[in-house]
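Asker: First the structure, then my questions, so here it is.
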Number of protein chains: 2
Amino acid sequence: MSTRARAKPQRDRHQEIVEAAAQVITDRGLAETRIQDIADRCGVSPGLILYYFGSKDRLLVEALTYANDQSYLRMSRELRKMPAASERMDRLIQLSVPGLLPEYSLLDEWALWLEIWVRALRDPEMAKERENLDRRWVQSISEVIRYGRQTGEFPSDAADADDIAMEFGAMVDGLAIQVLLNDTVMTPARMHDICLDVARRLIGYDGTR
Amino acid sequence: MSTRARAKPQRDRHQEIVEAAAQVITDRGLAETRIQDIADRCGVSPGLILYYFGSKDRLLVEALTYANDQSYLRMSRELRKMPAASERMDRLIQLSVPGLLPEYSLLDEWALWLEIWVRALRDPEMAKERENLDRRWVQSISEVIRYGRQTGEFPSDAADADDIAMEFGAMVDGLAIQVLLNDTVMTPARMHDICLDVARRLIGYDGTR
DNA sequence: CTCCCGTTTGAACCGCCAGTCAACCTGATC
DNA sequence: GATCAGGTTGACTGGCGGTTCAAACGGGAG
């Protein structure tokens, strides 16, 4: 009756759908995500989703990587603007703690990591993608370290930057899981303290706050 | 025809089903686990599964916690037999690395952790259970540390045992995820090295091998 | 032997949801 | 203004899988 085909050029439908999908996955979890939900979210018919992506699976994988991509790029851009390495490190840590900053709901991003991991367990394509995403994340840690050593802010006598980044990144992952799952003893504040503490010890900088 | 109701007392059906469920979940993943699969695995009809558990969900949650329970108890028993704290620590680390020891497929156990986490994200009951399971695991680390300090094997001047255990446990989680997902640079051997290294640094013991 | 009750089966039910399809709509092109 | 092509719809379907249920089974008690 009223709502028939629009056919306005409609800014990139593809991306629109991917974004909607990422939102739905965040809300309901990968297992509970239906094509209908995604269609509803962007006011479109379920058929159209399949028209663009061929199958549900293809959309899901793309949505998971896309969302992660966005978060990474956002952080990366933000860090690059900061002049001091210690400032970058502080911010990186802040952004790593789920639910610490109310404005960013990093909670969502971490929840998507979990979904990615489970899927990667049995989907080789997703496993490959996961490794790329993860590598990039660890790299931005080691870049900050190297940057700080270059500018003389951080001592250069400590261990290899890549090794430190890997160890630190792993610990952040482990802690973030607990925080994300509402652990009663591992609160965002506590995770933040621990991260600063460990970063100080490993990198030798004096994290503020 | 041939196979009709047995009605032999049949050693605990309940447990039999839970074990079968854990196996199927490990094999196919939580999302792909069907009641039929579990029924097949223990040579029983799907109806019986529901007879014992009422719903699929109840069985799944019980299976996930049960499997984790078993692994924990096995490790706990094993460690208690070892006289030296450093020996206990070595073994604990070995057992934490997915796929390091061919005899135990800890790979499976870690895969189940992932499933638990995802489920805990939206199922409060599972979240509660997950915290219990996790707490216990971290506790067995700090117990080893305390034991080593008591016997004089480990220096006592370092940080609080619980704090160390928490940090170390978190890092193990993070590393294990990478290994589990077949990361090309984070191999079991490398994770093992890193764990020994960090444990030495944090606890001050000289891990062997 | 017979009744009884917890166990077990197999078939049937039912809602759900990914994917298909034919029709339709719209804006562009000639 | 006719044709065309790509975007969009909504109804349909086919299968899958959790759950229900009536019936059957078999060991133990009386």
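Labeling convention for the structure tokens: chains A, B, ... as they appear, residues from 1 per chain, ligands from 1 in order of appearance.
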Select residues of chain C: the criterion is any atom within 9 Å of an atom of chain A, counting only C-alpha atoms (C1' of nucleotides); output as an MDAnalysis selection string.

Answerer: chainID C and resid 17:19 24:27

Asker: Produce a table with one row for each residue of chain A that has an atom at most 9 Å from any atom of chain B, each row naming the nearest atom pair and its distance in Å at one decimal; use only C-alpha atoms; arrange rows by chain and rising residue number; format as CSV.

Answerer:
```
residue,atom,partner,partner_atom,distance
A:Arg28,CA,B:Arg122,CA,8.3
A:Gly29,CA,B:Arg122,CA,8.0
A:Ala31,CA,B:Ala31,CA,6.8
A:Ala111,CA,B:Leu121,CA,7.6
A:Leu114,CA,B:Val118,CA,6.2
A:Glu115,CA,B:Val118,CA,6.8
A:Trp117,CA,B:Leu114,CA,7.4
A:Val118,CA,B:Leu114,CA,6.2
A:Ala120,CA,B:Leu181,CA,6.6
A:Leu121,CA,B:Leu181,CA,5.9
A:Arg122,CA,B:Gly29,CA,8.0
A:Ala127,CA,B:Leu181,CA,6.5
A:Lys128,CA,B:Asp183,CA,8.3
A:Arg130,CA,B:Leu181,CA,8.7
A:Glu131,CA,B:Asp183,CA,6.3
A:Asp134,CA,B:Gln178,CA,8.9
A:Met166,CA,B:Leu175,CA,8.6
A:Glu167,CA,B:Met171,CA,7.0
A:Phe168,CA,B:Met171,CA,7.7
A:Gly169,CA,B:Gly174,CA,7.6
A:Ala170,CA,B:Gly174,CA,4.1
A:Met171,CA,B:Met171,CA,3.9
A:Val172,CA,B:Gly174,CA,7.3
A:Asp173,CA,B:Gly174,CA,5.0
A:Gly174,CA,B:Ala170,CA,4.1
A:Leu175,CA,B:Ala170,CA,5.4
A:Ala176,CA,B:Ala170,CA,8.7
A:Ile177,CA,B:Trp117,CA,7.8
A:Gln178,CA,B:Glu131,CA,8.2
A:Leu180,CA,B:Leu121,CA,7.7
A:Leu181,CA,B:Leu121,CA,5.9
A:Asn182,CA,B:Ala127,CA,7.6
A:Asp183,CA,B:Glu131,CA,6.3
A:Thr184,CA,B:Glu131,CA,8.1
A:Ile194,CA,B:Glu167,CA,7.9
A:Val198,CA,B:Glu167,CA,8.8
```

Asker: Export, as a PDB file, in the first residue's frame, the selected residues with C-alpha atoms.

Answerer:
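Printed below is selection_39.pdb as written:
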```pdb
ATOM      1  CA  ARG A  28      21.341 -10.001  20.482  1.00  0.00           C
ATOM      2  CA  GLY A  29      24.503 -12.023  19.932  1.00  0.00           C
ATOM      3  CA  ALA A  31      23.493 -16.907  17.598  1.00  0.00           C
ATOM      4  CA  ALA A 111      31.529  -8.549  22.832  1.00  0.00           C
ATOM      5  CA  LEU A 114      34.147 -12.951  21.628  1.00  0.00           C
ATOM      6  CA  GLU A 115      31.849 -13.745  18.740  1.00  0.00           C
ATOM      7  CA  TRP A 117      36.779 -15.953  18.410  1.00  0.00           C
ATOM      8  CA  VAL A 118      34.072 -18.554  18.618  1.00  0.00           C
ATOM      9  CA  ALA A 120      37.116 -18.490  14.115  1.00  0.00           C
ATOM     10  CA  LEU A 121      37.260 -21.758  16.009  1.00  0.00           C
ATOM     11  CA  ARG A 122      35.600 -23.527  13.081  1.00  0.00           C
ATOM     12  CA  ALA A 127      40.371 -17.385  11.670  1.00  0.00           C
ATOM     13  CA  LYS A 128      42.547 -15.700   9.073  1.00  0.00           C
ATOM     14  CA  ARG A 130      40.894 -12.591  13.198  1.00  0.00           C
ATOM     15  CA  GLU A 131      44.643 -12.914  13.044  1.00  0.00           C
ATOM     16  CA  ASP A 134      44.610  -8.935  16.221  1.00  0.00           C
ATOM     17  CA  MET A 166      52.353  -9.139  22.756  1.00  0.00           C
ATOM     18  CA  GLU A 167      52.526  -9.860  26.459  1.00  0.00           C
ATOM     19  CA  PHE A 168      50.666  -6.721  27.374  1.00  0.00           C
ATOM     20  CA  GLY A 169      48.044  -7.283  24.695  1.00  0.00           C
ATOM     21  CA  ALA A 170      47.416 -10.806  25.885  1.00  0.00           C
ATOM     22  CA  MET A 171      46.914  -9.636  29.428  1.00  0.00           C
ATOM     23  CA  VAL A 172      44.512  -6.951  28.283  1.00  0.00           C
ATOM     24  CA  ASP A 173      42.487  -9.575  26.445  1.00  0.00           C
ATOM     25  CA  GLY A 174      42.302 -11.795  29.475  1.00  0.00           C
ATOM     26  CA  LEU A 175      41.336  -8.980  31.814  1.00  0.00           C
ATOM     27  CA  ALA A 176      38.834  -7.529  29.373  1.00  0.00           C
ATOM     28  CA  ILE A 177      36.974 -10.823  29.231  1.00  0.00           C
ATOM     29  CA  GLN A 178      36.469 -10.790  32.960  1.00  0.00           C
ATOM     30  CA  LEU A 180      33.068  -7.724  30.093  1.00  0.00           C
ATOM     31  CA  LEU A 181      31.374 -10.634  31.820  1.00  0.00           C
ATOM     32  CA  ASN A 182      30.596  -8.548  34.886  1.00  0.00           C
ATOM     33  CA  ASP A 183      33.060 -10.194  37.188  1.00  0.00           C
ATOM     34  CA  THR A 184      32.411  -9.011  40.724  1.00  0.00           C
ATOM     35  CA  ILE A 194      46.401  -3.197  36.781  1.00  0.00           C
ATOM     36  CA  VAL A 198      51.929  -3.485  34.333  1.00  0.00           C
TER      37      VAL A 198
END
```

Asker: Compare D:DA29, D:DA22, D:DC4, D:DA11 by their minimum atom-to-atom distance to chain A, counting only C-alpha atoms (C1' of nucleotides), and give me the closest one.

Answerer: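 The answer is D:DA11, which sits nearest to chain A.
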
Asker: Could you work out which residues of chain D fall inside 10 Å of chain B? Count only C-alpha atoms (C1' of nucleotides), and format the result as a PyMOL selection string.

Answerer: chain D and resi 17-20+24-27

Asker: Within 12 Å of Ala39 in chain B, counting only C-alpha atoms (C1' of nucleotides), which residues qualify if same-chain residues fewer than 2 places away don't, as a PDB file with C-alpha atoms, in the first residue's frame?

Answerer:
```
ATOM      1  CA  ARG B  13      22.092 -41.876  32.597  1.00  0.00           C
ATOM      2  CA  GLU B  16      26.207 -40.244  30.607  1.00  0.00           C
ATOM      3  CA  ILE B  17      24.182 -37.656  28.748  1.00  0.00           C
ATOM      4  CA  VAL B  18      26.073 -34.706  30.174  1.00  0.00           C
ATOM      5  CA  GLU B  19      29.355 -36.239  29.090  1.00  0.00           C
ATOM      6  CA  ALA B  20      28.050 -36.938  25.609  1.00  0.00           C
ATOM      7  CA  ALA B  21      26.787 -33.372  25.378  1.00  0.00           C
ATOM      8  CA  GLN B  23      31.808 -34.051  23.641  1.00  0.00           C
ATOM      9  CA  VAL B  24      29.394 -32.937  20.976  1.00  0.00           C
ATOM     10  CA  THR B  33      24.880 -28.890  18.699  1.00  0.00           C
ATOM     11  CA  ARG B  34      21.539 -30.634  18.255  1.00  0.00           C
ATOM     12  CA  ILE B  35      19.721 -32.861  20.660  1.00  0.00           C
ATOM     13  CA  GLN B  36      19.808 -35.571  18.043  1.00  0.00           C
ATOM     14  CA  ASP B  37      23.622 -35.482  18.001  1.00  0.00           C
ATOM     15  CA  ARG B  41      26.453 -40.154  20.847  1.00  0.00           C
ATOM     16  CA  CYS B  42      25.082 -42.183  23.739  1.00  0.00           C
ATOM     17  CA  GLY B  43      22.859 -44.479  21.711  1.00  0.00           C
ATOM     18  CA  VAL B  44      19.570 -43.209  22.999  1.00  0.00           C
ATOM     19  CA  SER B  45      16.488 -41.528  21.631  1.00  0.00           C
ATOM     20  CA  PRO B  46      16.110 -37.733  21.561  1.00  0.00           C
ATOM     21  CA  GLY B  47      13.035 -37.982  23.719  1.00  0.00           C
ATOM     22  CA  LEU B  48      15.068 -39.356  26.587  1.00  0.00           C
ATOM     23  CA  ILE B  49      17.321 -36.336  26.649  1.00  0.00           C
ATOM     24  CA  LEU B  50      14.317 -34.140  27.262  1.00  0.00           C
ATOM     25  CA  TYR B  51      12.991 -36.614  29.797  1.00  0.00           C
ATOM     26  CA  TYR B  52      16.085 -36.061  31.906  1.00  0.00           C
ATOM     27  CA  LYS B  56      18.073 -28.286  25.670  1.00  0.00           C
TER      28      LYS B  56
END
```

Asker: May I have the residues within 7 Å of Pro188 in chain A as a list in words, using only C-alpha atoms (C1' of nucleotides) and disregarding those fewer than 5 positions away in the same chain?

Answerer: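 With the cut-off at 7 Å, the set is Val97, Pro98, Gly99, Leu100 and Val179 of chain A.
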
Asker: Which of chain A counts as alpha helix (DSSP H) under DSSP, as a PyMOL selection string please?

Answerer: chain A and resi 13-28+35-41+46-53+56-81+85-96+106-120+124-150+161-180+188-203

Asker: Suppose you want the space between CA of Trp110 in chain A and CA of Gln139 in chain A; what is it in Å?

Answerer: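 Separation of CA of Trp110 in chain A and CA of Gln139 in chain A: 17.9 Å.
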
Asker: Between CA of Val61 in chain B and CA of Thr187 in chain A, measure the distance and give it in Å to one decimal.

Answerer: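 Taking CA of Val61 in chain B as the start and CA of Thr187 in chain A as the end point, the length is 24.9 Å.
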
Asker: Do you know which residues are at most 12 Å from DT3 in chain D counting only C-alpha atoms (C1' of nucleotides), after dropping those on the same chain fewer than 4 positions away, and could you put them as a list in words?

Answerer: DA28, DT29 and DC30 of chain C
